[in-house]
>>> print(open('data18.txt').read())   # compact mmCIF, N, CA and C atoms
# COMPACT_ATOMS: atom_id res chain seq x y z
N MET W 300 0.85 -1.17 0.00
CA MET W 300 0.00 0.00 0.00
C MET W 300 0.90 1.23 0.00
N ILE W 301 0.58 2.20 -0.83
CA ILE W 301 1.32 3.46 -0.88
C ILE W 301 0.30 4.60 -0.91
N VAL W 302 0.48 5.57 -0.01
CA VAL W 302 -0.40 6.73 0.05
C VAL W 302 0.47 7.98 0.08
N GLN W 303 0.13 8.97 -0.73
CA GLN W 303 0.85 10.24 -0.76
C GLN W 303 -0.08 11.34 -0.30
N ASN W 304 0.41 12.21 0.57
CA ASN W 304 -0.37 13.36 1.06
C ASN W 304 0.47 14.61 0.92
N GLN W 305 -0.16 15.70 0.52
CA GLN W 305 0.54 16.98 0.48
C GLN W 305 -0.04 17.85 1.59
N SER W 306 0.83 18.42 2.41
CA SER W 306 0.37 19.24 3.53
C SER W 306 0.11 20.67 3.08
N VAL W 307 -0.49 21.43 3.97
CA VAL W 307 -0.74 22.84 3.72
C VAL W 307 0.58 23.59 3.56
N ALA W 308 1.62 23.14 4.27
CA ALA W 308 2.93 23.80 4.23
C ALA W 308 3.68 23.50 2.93
N GLY W 309 3.11 22.66 2.08
CA GLY W 309 3.74 22.36 0.80
C GLY W 309 4.67 21.17 0.81
N THR W 310 4.79 20.49 1.93
CA THR W 310 5.62 19.29 1.96
C THR W 310 4.77 18.08 1.56
N THR W 311 5.44 17.02 1.20
CA THR W 311 4.75 15.81 0.79
C THR W 311 5.12 14.67 1.72
N ASP W 312 4.12 13.95 2.18
CA ASP W 312 4.33 12.76 3.01
C ASP W 312 4.01 11.53 2.19
N PHE W 313 4.86 10.52 2.31
CA PHE W 313 4.59 9.22 1.72
C PHE W 313 4.44 8.22 2.85
N SER W 314 3.38 7.46 2.80
CA SER W 314 3.18 6.37 3.75
C SER W 314 3.08 5.10 2.92
N PHE W 315 3.75 4.05 3.38
CA PHE W 315 3.68 2.80 2.63
C PHE W 315 3.92 1.63 3.57
N THR W 316 3.50 0.48 3.12
CA THR W 316 3.68 -0.73 3.90
C THR W 316 4.69 -1.63 3.21
N VAL W 317 5.36 -2.43 4.02
CA VAL W 317 6.24 -3.48 3.53
C VAL W 317 5.94 -4.72 4.35
N ASN W 318 6.29 -5.86 3.79
CA ASN W 318 6.12 -7.10 4.52
C ASN W 318 6.91 -7.04 5.82
N ARG W 319 6.34 -7.55 6.88
CA ARG W 319 6.98 -7.52 8.20
C ARG W 319 8.39 -8.11 8.15
N ASN W 320 8.60 -9.12 7.31
CA ASN W 320 9.92 -9.74 7.19
C ASN W 320 10.94 -8.81 6.55
N GLU W 321 10.49 -7.78 5.84
CA GLU W 321 11.37 -6.84 5.16
C GLU W 321 11.49 -5.51 5.89
N PHE W 322 10.85 -5.38 7.05
CA PHE W 322 10.77 -4.10 7.75
C PHE W 322 12.16 -3.54 8.08
N ALA W 323 12.99 -4.30 8.77
CA ALA W 323 14.31 -3.80 9.19
C ALA W 323 15.16 -3.42 7.98
N ARG W 324 15.12 -4.23 6.95
CA ARG W 324 15.88 -3.95 5.73
C ARG W 324 15.40 -2.67 5.06
N ALA W 325 14.08 -2.49 5.01
CA ALA W 325 13.51 -1.29 4.39
C ALA W 325 13.90 -0.03 5.17
N VAL W 326 13.83 -0.09 6.50
CA VAL W 326 14.20 1.06 7.32
C VAL W 326 15.67 1.41 7.11
N ASP W 327 16.52 0.40 7.10
CA ASP W 327 17.95 0.63 6.88
C ASP W 327 18.19 1.29 5.52
N LEU W 328 17.56 0.79 4.49
CA LEU W 328 17.71 1.35 3.14
C LEU W 328 17.21 2.79 3.08
N LEU W 329 16.09 3.05 3.71
CA LEU W 329 15.56 4.42 3.74
C LEU W 329 16.54 5.37 4.41
N LYS W 330 17.08 4.96 5.55
CA LYS W 330 18.01 5.82 6.29
C LYS W 330 19.31 6.05 5.53
N ARG W 331 19.84 5.01 4.90
CA ARG W 331 21.13 5.10 4.21
C ARG W 331 21.04 5.77 2.85
N GLU W 332 20.01 5.44 2.08
CA GLU W 332 19.95 5.85 0.68
C GLU W 332 18.88 6.90 0.36
N VAL W 333 17.67 6.62 0.75
CA VAL W 333 16.54 7.43 0.29
C VAL W 333 16.47 8.79 0.97
N ILE W 334 16.53 8.82 2.29
CA ILE W 334 16.39 10.08 3.03
C ILE W 334 17.45 11.10 2.61
N PRO W 335 18.73 10.70 2.55
CA PRO W 335 19.72 11.68 2.10
C PRO W 335 19.50 12.13 0.64
N ALA W 336 19.05 11.22 -0.20
CA ALA W 336 18.88 11.54 -1.62
C ALA W 336 17.74 12.52 -1.87
N VAL W 337 16.65 12.40 -1.11
CA VAL W 337 15.49 13.27 -1.34
C VAL W 337 15.39 14.42 -0.35
N GLY W 338 16.26 14.43 0.65
CA GLY W 338 16.23 15.50 1.64
C GLY W 338 15.05 15.44 2.58
N ALA W 339 14.63 14.24 2.91
CA ALA W 339 13.49 14.07 3.82
C ALA W 339 13.84 14.58 5.21
N ARG W 340 12.84 15.11 5.89
CA ARG W 340 13.06 15.66 7.23
C ARG W 340 12.98 14.62 8.33
N GLU W 341 12.12 13.62 8.15
CA GLU W 341 12.00 12.62 9.20
C GLU W 341 11.47 11.31 8.64
N LEU W 342 11.68 10.25 9.42
CA LEU W 342 11.17 8.92 9.10
C LEU W 342 10.39 8.45 10.32
N SER W 343 9.17 8.08 10.11
CA SER W 343 8.31 7.58 11.18
C SER W 343 7.91 6.15 10.81
N THR W 344 8.10 5.22 11.72
CA THR W 344 7.80 3.81 11.42
C THR W 344 6.90 3.22 12.50
N ASP W 345 6.24 2.14 12.13
CA ASP W 345 5.40 1.40 13.07
C ASP W 345 5.30 -0.02 12.57
N GLU W 346 5.89 -0.96 13.30
CA GLU W 346 5.81 -2.35 12.86
C GLU W 346 4.65 -3.10 13.49
N LYS W 347 3.84 -2.41 14.26
CA LYS W 347 2.71 -3.07 14.91
C LYS W 347 1.39 -2.69 14.25
N VAL W 348 1.36 -2.84 12.93
CA VAL W 348 0.14 -2.57 12.17
C VAL W 348 -0.18 -3.79 11.31
N ALA W 349 -1.42 -3.84 10.88
CA ALA W 349 -1.87 -4.92 10.00
C ALA W 349 -2.70 -4.31 8.87
N LYS W 350 -2.61 -4.93 7.71
CA LYS W 350 -3.42 -4.51 6.57
C LYS W 350 -4.58 -5.49 6.42
N VAL W 351 -5.78 -4.93 6.37
CA VAL W 351 -6.99 -5.73 6.18
C VAL W 351 -7.65 -5.23 4.90
N SER W 352 -8.01 -6.15 4.02
CA SER W 352 -8.59 -5.76 2.73
C SER W 352 -9.90 -6.48 2.48
N ILE W 353 -10.77 -5.79 1.75
CA ILE W 353 -11.95 -6.43 1.17
C ILE W 353 -11.76 -6.35 -0.33
N VAL W 354 -12.03 -7.46 -1.00
CA VAL W 354 -11.75 -7.55 -2.43
C VAL W 354 -12.92 -8.23 -3.13
N GLY W 355 -13.28 -7.71 -4.29
CA GLY W 355 -14.31 -8.38 -5.07
C GLY W 355 -14.75 -7.54 -6.25
N ILE W 356 -15.02 -8.18 -7.36
CA ILE W 356 -15.46 -7.51 -8.56
C ILE W 356 -16.80 -6.80 -8.34
N GLY W 357 -17.59 -7.32 -7.39
CA GLY W 357 -18.89 -6.72 -7.09
C GLY W 357 -18.80 -5.32 -6.50
N MET W 358 -17.62 -4.94 -6.02
CA MET W 358 -17.47 -3.61 -5.45
C MET W 358 -17.69 -2.52 -6.49
N ARG W 359 -17.49 -2.86 -7.76
CA ARG W 359 -17.69 -1.88 -8.83
C ARG W 359 -19.16 -1.54 -9.01
N SER W 360 -20.05 -2.47 -8.72
CA SER W 360 -21.47 -2.24 -8.98
C SER W 360 -22.33 -2.13 -7.72
N HIS W 361 -21.79 -2.46 -6.56
CA HIS W 361 -22.55 -2.38 -5.31
C HIS W 361 -22.11 -1.17 -4.50
N VAL W 362 -23.03 -0.26 -4.28
CA VAL W 362 -22.75 0.95 -3.51
C VAL W 362 -22.70 0.61 -2.02
N GLY W 363 -21.78 1.23 -1.30
CA GLY W 363 -21.77 1.11 0.16
C GLY W 363 -20.89 0.03 0.73
N VAL W 364 -20.13 -0.67 -0.10
CA VAL W 364 -19.29 -1.76 0.40
C VAL W 364 -18.19 -1.21 1.31
N ALA W 365 -17.47 -0.19 0.84
CA ALA W 365 -16.42 0.41 1.67
C ALA W 365 -17.01 1.04 2.92
N SER W 366 -18.16 1.68 2.76
CA SER W 366 -18.83 2.29 3.91
C SER W 366 -19.15 1.25 4.98
N LEU W 367 -19.61 0.08 4.57
CA LEU W 367 -19.91 -0.99 5.53
C LEU W 367 -18.63 -1.43 6.24
N MET W 368 -17.53 -1.48 5.51
CA MET W 368 -16.25 -1.83 6.12
C MET W 368 -15.87 -0.82 7.20
N PHE W 369 -15.92 0.46 6.85
CA PHE W 369 -15.54 1.52 7.78
C PHE W 369 -16.46 1.54 9.01
N GLN W 370 -17.75 1.39 8.77
CA GLN W 370 -18.73 1.41 9.86
C GLN W 370 -18.51 0.22 10.79
N THR W 371 -18.26 -0.95 10.23
CA THR W 371 -18.05 -2.16 11.03
C THR W 371 -16.82 -2.01 11.93
N LEU W 372 -15.73 -1.53 11.37
CA LEU W 372 -14.52 -1.35 12.18
C LEU W 372 -14.74 -0.29 13.25
N SER W 373 -15.43 0.78 12.90
CA SER W 373 -15.73 1.83 13.87
C SER W 373 -16.56 1.30 15.03
N GLN W 374 -17.56 0.48 14.73
CA GLN W 374 -18.42 -0.07 15.79
C GLN W 374 -17.64 -0.96 16.75
N GLU W 375 -16.54 -1.52 16.27
CA GLU W 375 -15.68 -2.35 17.12
C GLU W 375 -14.61 -1.52 17.83
N GLY W 376 -14.62 -0.20 17.61
CA GLY W 376 -13.64 0.68 18.23
C GLY W 376 -12.26 0.59 17.61
N ILE W 377 -12.21 0.16 16.34
CA ILE W 377 -10.94 -0.01 15.64
C ILE W 377 -10.66 1.22 14.79
N ASN W 378 -9.57 1.91 15.11
CA ASN W 378 -9.18 3.11 14.38
C ASN W 378 -8.50 2.73 13.07
N ILE W 379 -8.92 3.37 11.99
CA ILE W 379 -8.28 3.18 10.69
C ILE W 379 -7.19 4.21 10.55
N GLN W 380 -5.95 3.75 10.37
CA GLN W 380 -4.81 4.65 10.27
C GLN W 380 -4.52 5.10 8.84
N MET W 381 -4.88 4.27 7.88
CA MET W 381 -4.61 4.59 6.48
C MET W 381 -5.61 3.81 5.62
N ILE W 382 -6.03 4.41 4.52
CA ILE W 382 -6.99 3.79 3.60
C ILE W 382 -6.44 3.88 2.18
N SER W 383 -6.61 2.79 1.44
CA SER W 383 -6.27 2.78 0.02
C SER W 383 -7.40 2.06 -0.70
N THR W 384 -7.84 2.62 -1.83
CA THR W 384 -8.95 2.01 -2.54
C THR W 384 -8.66 1.89 -4.03
N SER W 385 -9.33 0.94 -4.66
CA SER W 385 -9.35 0.82 -6.11
C SER W 385 -10.77 0.38 -6.47
N GLU W 386 -11.00 0.10 -7.72
CA GLU W 386 -12.35 -0.32 -8.14
C GLU W 386 -12.81 -1.60 -7.46
N ILE W 387 -11.88 -2.51 -7.20
CA ILE W 387 -12.28 -3.81 -6.67
C ILE W 387 -11.63 -4.16 -5.33
N LYS W 388 -10.96 -3.20 -4.68
CA LYS W 388 -10.32 -3.50 -3.40
C LYS W 388 -10.26 -2.25 -2.53
N THR W 389 -10.56 -2.45 -1.25
CA THR W 389 -10.34 -1.42 -0.24
C THR W 389 -9.48 -2.04 0.84
N SER W 390 -8.37 -1.38 1.15
CA SER W 390 -7.47 -1.86 2.20
C SER W 390 -7.34 -0.79 3.26
N VAL W 391 -7.24 -1.23 4.51
CA VAL W 391 -7.03 -0.32 5.62
C VAL W 391 -5.87 -0.82 6.46
N ILE W 392 -5.20 0.12 7.11
CA ILE W 392 -4.16 -0.20 8.07
C ILE W 392 -4.75 0.05 9.45
N ILE W 393 -4.63 -0.95 10.32
CA ILE W 393 -5.13 -0.86 11.69
C ILE W 393 -4.03 -1.35 12.63
N ASP W 394 -4.19 -1.09 13.91
CA ASP W 394 -3.27 -1.61 14.91
C ASP W 394 -3.34 -3.13 14.87
N ASP W 395 -2.20 -3.80 14.86
CA ASP W 395 -2.22 -5.25 14.68
C ASP W 395 -2.91 -6.00 15.81
N LYS W 396 -3.04 -5.39 16.98
CA LYS W 396 -3.73 -6.08 18.07
C LYS W 396 -5.23 -6.23 17.79
N TYR W 397 -5.74 -5.48 16.81
CA TYR W 397 -7.16 -5.57 16.44
C TYR W 397 -7.41 -6.36 15.16
N MET W 398 -6.37 -6.96 14.61
CA MET W 398 -6.52 -7.64 13.33
C MET W 398 -7.57 -8.75 13.38
N GLU W 399 -7.46 -9.66 14.34
CA GLU W 399 -8.40 -10.78 14.38
C GLU W 399 -9.82 -10.29 14.64
N LEU W 400 -9.99 -9.35 15.58
CA LEU W 400 -11.31 -8.78 15.85
C LEU W 400 -11.88 -8.13 14.60
N GLY W 401 -11.06 -7.36 13.90
CA GLY W 401 -11.52 -6.68 12.70
C GLY W 401 -11.94 -7.64 11.60
N VAL W 402 -11.13 -8.66 11.38
CA VAL W 402 -11.44 -9.65 10.34
C VAL W 402 -12.72 -10.41 10.69
N ARG W 403 -12.85 -10.81 11.93
CA ARG W 403 -14.08 -11.53 12.34
C ARG W 403 -15.32 -10.64 12.19
N ALA W 404 -15.21 -9.38 12.59
CA ALA W 404 -16.34 -8.46 12.48
C ALA W 404 -16.71 -8.24 11.01
N LEU W 405 -15.70 -8.11 10.14
CA LEU W 405 -15.97 -7.92 8.72
C LEU W 405 -16.58 -9.16 8.10
N HIS W 406 -16.10 -10.33 8.49
CA HIS W 406 -16.70 -11.58 7.99
C HIS W 406 -18.18 -11.62 8.33
N LYS W 407 -18.50 -11.25 9.56
CA LYS W 407 -19.91 -11.26 9.98
C LYS W 407 -20.71 -10.21 9.22
N ALA W 408 -20.16 -8.99 9.10
CA ALA W 408 -20.88 -7.90 8.44
C ALA W 408 -21.19 -8.22 6.98
N PHE W 409 -20.29 -8.94 6.31
CA PHE W 409 -20.49 -9.28 4.91
C PHE W 409 -21.10 -10.66 4.71
N GLY W 410 -21.55 -11.29 5.80
CA GLY W 410 -22.22 -12.58 5.71
C GLY W 410 -21.31 -13.74 5.37
N LEU W 411 -20.02 -13.58 5.62
CA LEU W 411 -19.07 -14.65 5.29
C LEU W 411 -18.93 -15.67 6.42
N ASP W 412 -19.62 -15.43 7.53
CA ASP W 412 -19.57 -16.37 8.64
C ASP W 412 -20.67 -17.43 8.53
N GLN W 413 -21.47 -17.33 7.47
CA GLN W 413 -22.57 -18.27 7.25
C GLN W 413 -22.09 -19.45 6.43
N ALA W 414 -22.67 -20.62 6.68
CA ALA W 414 -22.37 -21.79 5.86
C ALA W 414 -22.94 -21.55 4.46
N PRO W 415 -22.24 -22.01 3.42
CA PRO W 415 -22.76 -21.83 2.06
C PRO W 415 -24.07 -22.58 1.88
N ALA W 416 -24.94 -21.99 1.08
CA ALA W 416 -26.23 -22.62 0.78
C ALA W 416 -25.99 -23.85 -0.09
N GLU W 417 -26.77 -24.87 0.16
CA GLU W 417 -26.65 -26.09 -0.66
C GLU W 417 -27.26 -25.88 -2.02
N LYS W 418 -26.63 -26.45 -3.05
CA LYS W 418 -27.15 -26.33 -4.41
C LYS W 418 -28.23 -27.38 -4.63
N ALA W 419 -29.22 -27.01 -5.35
CA ALA W 419 -30.34 -27.91 -5.60
C ALA W 419 -30.03 -28.86 -6.74
>>> encode(input="data18.txt", output="structure tokens")
Amino acid sequence: MIVQNQSVAGTTDFSFTVNRNEFARAVDLLKREVIPAVGARELSTDEKVAKVSIVGIGMRSHVGVASLMFQTLSQEGINIQMISTSEIKTSVIIDDKYMELGVRALHKAFGLDQAPAEKA
């Protein structure tokens, strides 16, 4: 996930995720190579986050899918730290201690906790 924000002061912030196994290597590379090259003012990291996504082609034609995701997480008291969307996927970054709770709540909200209907 990559998100770019421009502040009122005219600076640009980049937020992105990397696989947990690559975290230390990515931080080292940023400190050694990227920050000096681009003149960044600071590096802020957090390895205690999780990415939760909802994915499906139906998101293009069904209104309110992302809204249901946001509402469900909010009702569980789970703060969304970052959001990224496309036509068929919405991903959020949350505190990793809420990952299982968030996934279970989303499964229930989208009816994925139900047994599949038998075919006739």
>>> residues_near_point(input="data18.txt", point="(-0.7, -0.1, 2.6)", cutoff="10 Å", atoms="only C-alpha atoms", output="list in words")
Met300, Ile301, Val302, Ser314, Phe315, Thr316, Val317, Asn318, Val348, Ala349, Lys350, Val351, Ser352, Gln380, Met381, Ile382, Ser383, Thr384, Ser390, Val391 and Ile392 of chain W
>>> atom_distance(input="data18.txt", atom1="atom CA of W:Val362", atom2="atom CA of W:Lys388")
13.2 Å
>>> atom_distance(input="data18.txt", atom1="atom CA of W:Leu400", atom2="atom CA of W:Ser366")
17.9 Å
>>> select_by_dssp(input="data18.txt", residues="stretch 345-407 of chain W", states="strand (DSSP E)", output="list in words")
Val348, Ala349, Lys350, Val351, Ser352, Ile353, Val354, Met381, Ile382, Ser383, Thr384, Lys388, Thr389, Ser390, Val391, Ile392, Ile393 and Asp394 of chain W
>>> closest_residue(input="data18.txt", among="W:Val326, W:Leu367, W:Ala339, W:Met398", to="W:Phe313", atoms="only C-alpha atoms")
W:Ala339
>>> residues_around(input="data18.txt", residues="W:Ala408", least_positions_apart="6", cutoff="8 Å", atoms="all atoms listed in the file", output="MDAnalysis selection string")
chainID W and resid 367:368 371 402
>>> residues_around(input="data18.txt", residues="W:Glu386", least_positions_apart="4", cutoff="8 Å", atoms="only C-alpha atoms", output="PDB file with N, CA and C atoms, keeping the file's coordinate frame")
ATOM      1  N   ILE W 356     -15.020  -8.180  -7.360  1.00  0.00           N
ATOM      2  CA  ILE W 356     -15.460  -7.510  -8.560  1.00  0.00           C
ATOM      3  C   ILE W 356     -16.800  -6.800  -8.340  1.00  0.00           C
ATOM      4  N   MET W 358     -17.620  -4.940  -6.020  1.00  0.00           N
ATOM      5  CA  MET W 358     -17.470  -3.610  -5.450  1.00  0.00           C
ATOM      6  C   MET W 358     -17.690  -2.520  -6.490  1.00  0.00           C
ATOM      7  N   ARG W 359     -17.490  -2.860  -7.760  1.00  0.00           N
ATOM      8  CA  ARG W 359     -17.690  -1.880  -8.830  1.00  0.00           C
ATOM      9  C   ARG W 359     -19.160  -1.540  -9.010  1.00  0.00           C
TER      10      ARG W 359
END
>>> atom_distance(input="data18.txt", atom1="atom N of W:Gly363", atom2="atom C of W:Ala416")
25.5 Å
>>> select_by_dssp(input="data18.txt", residues="stretch 310-417 of chain W", states="helix (DSSP H, G or I)", output="ChimeraX atom specification")
/W:319-337,356-359,364-374,395-408
>>> decode(input="data18.txt", residues="stretch 303-316 of chain W", atoms="N, CA and C atoms", output="compact mmCIF listing (two decimals), in the first residue's frame")
# COMPACT_ATOMS: atom_id res chain seq x y z
N GLN W 303 0.13 8.97 -0.73
CA GLN W 303 0.85 10.24 -0.76
C GLN W 303 -0.08 11.34 -0.30
N ASN W 304 0.41 12.21 0.57
CA ASN W 304 -0.37 13.36 1.06
C ASN W 304 0.47 14.61 0.92
N GLN W 305 -0.16 15.70 0.52
CA GLN W 305 0.54 16.98 0.48
C GLN W 305 -0.04 17.85 1.59
N SER W 306 0.83 18.42 2.41
CA SER W 306 0.37 19.24 3.53
C SER W 306 0.11 20.67 3.08
N VAL W 307 -0.49 21.43 3.97
CA VAL W 307 -0.74 22.84 3.72
C VAL W 307 0.58 23.59 3.56
N ALA W 308 1.62 23.14 4.27
CA ALA W 308 2.93 23.80 4.23
C ALA W 308 3.68 23.50 2.93
N GLY W 309 3.11 22.66 2.08
CA GLY W 309 3.74 22.36 0.80
C GLY W 309 4.67 21.17 0.81
N THR W 310 4.79 20.49 1.93
CA THR W 310 5.62 19.29 1.96
C THR W 310 4.77 18.08 1.56
N THR W 311 5.44 17.02 1.20
CA THR W 311 4.75 15.81 0.79
C THR W 311 5.12 14.67 1.72
N ASP W 312 4.12 13.95 2.18
CA ASP W 312 4.33 12.76 3.01
C ASP W 312 4.01 11.53 2.19
N PHE W 313 4.86 10.52 2.31
CA PHE W 313 4.59 9.22 1.72
C PHE W 313 4.44 8.22 2.85
N SER W 314 3.38 7.46 2.80
CA SER W 314 3.18 6.37 3.75
C SER W 314 3.08 5.10 2.92
N PHE W 315 3.75 4.05 3.38
CA PHE W 315 3.68 2.80 2.63
C PHE W 315 3.92 1.63 3.57
N THR W 316 3.50 0.48 3.12
CA THR W 316 3.68 -0.73 3.90
C THR W 316 4.69 -1.63 3.21
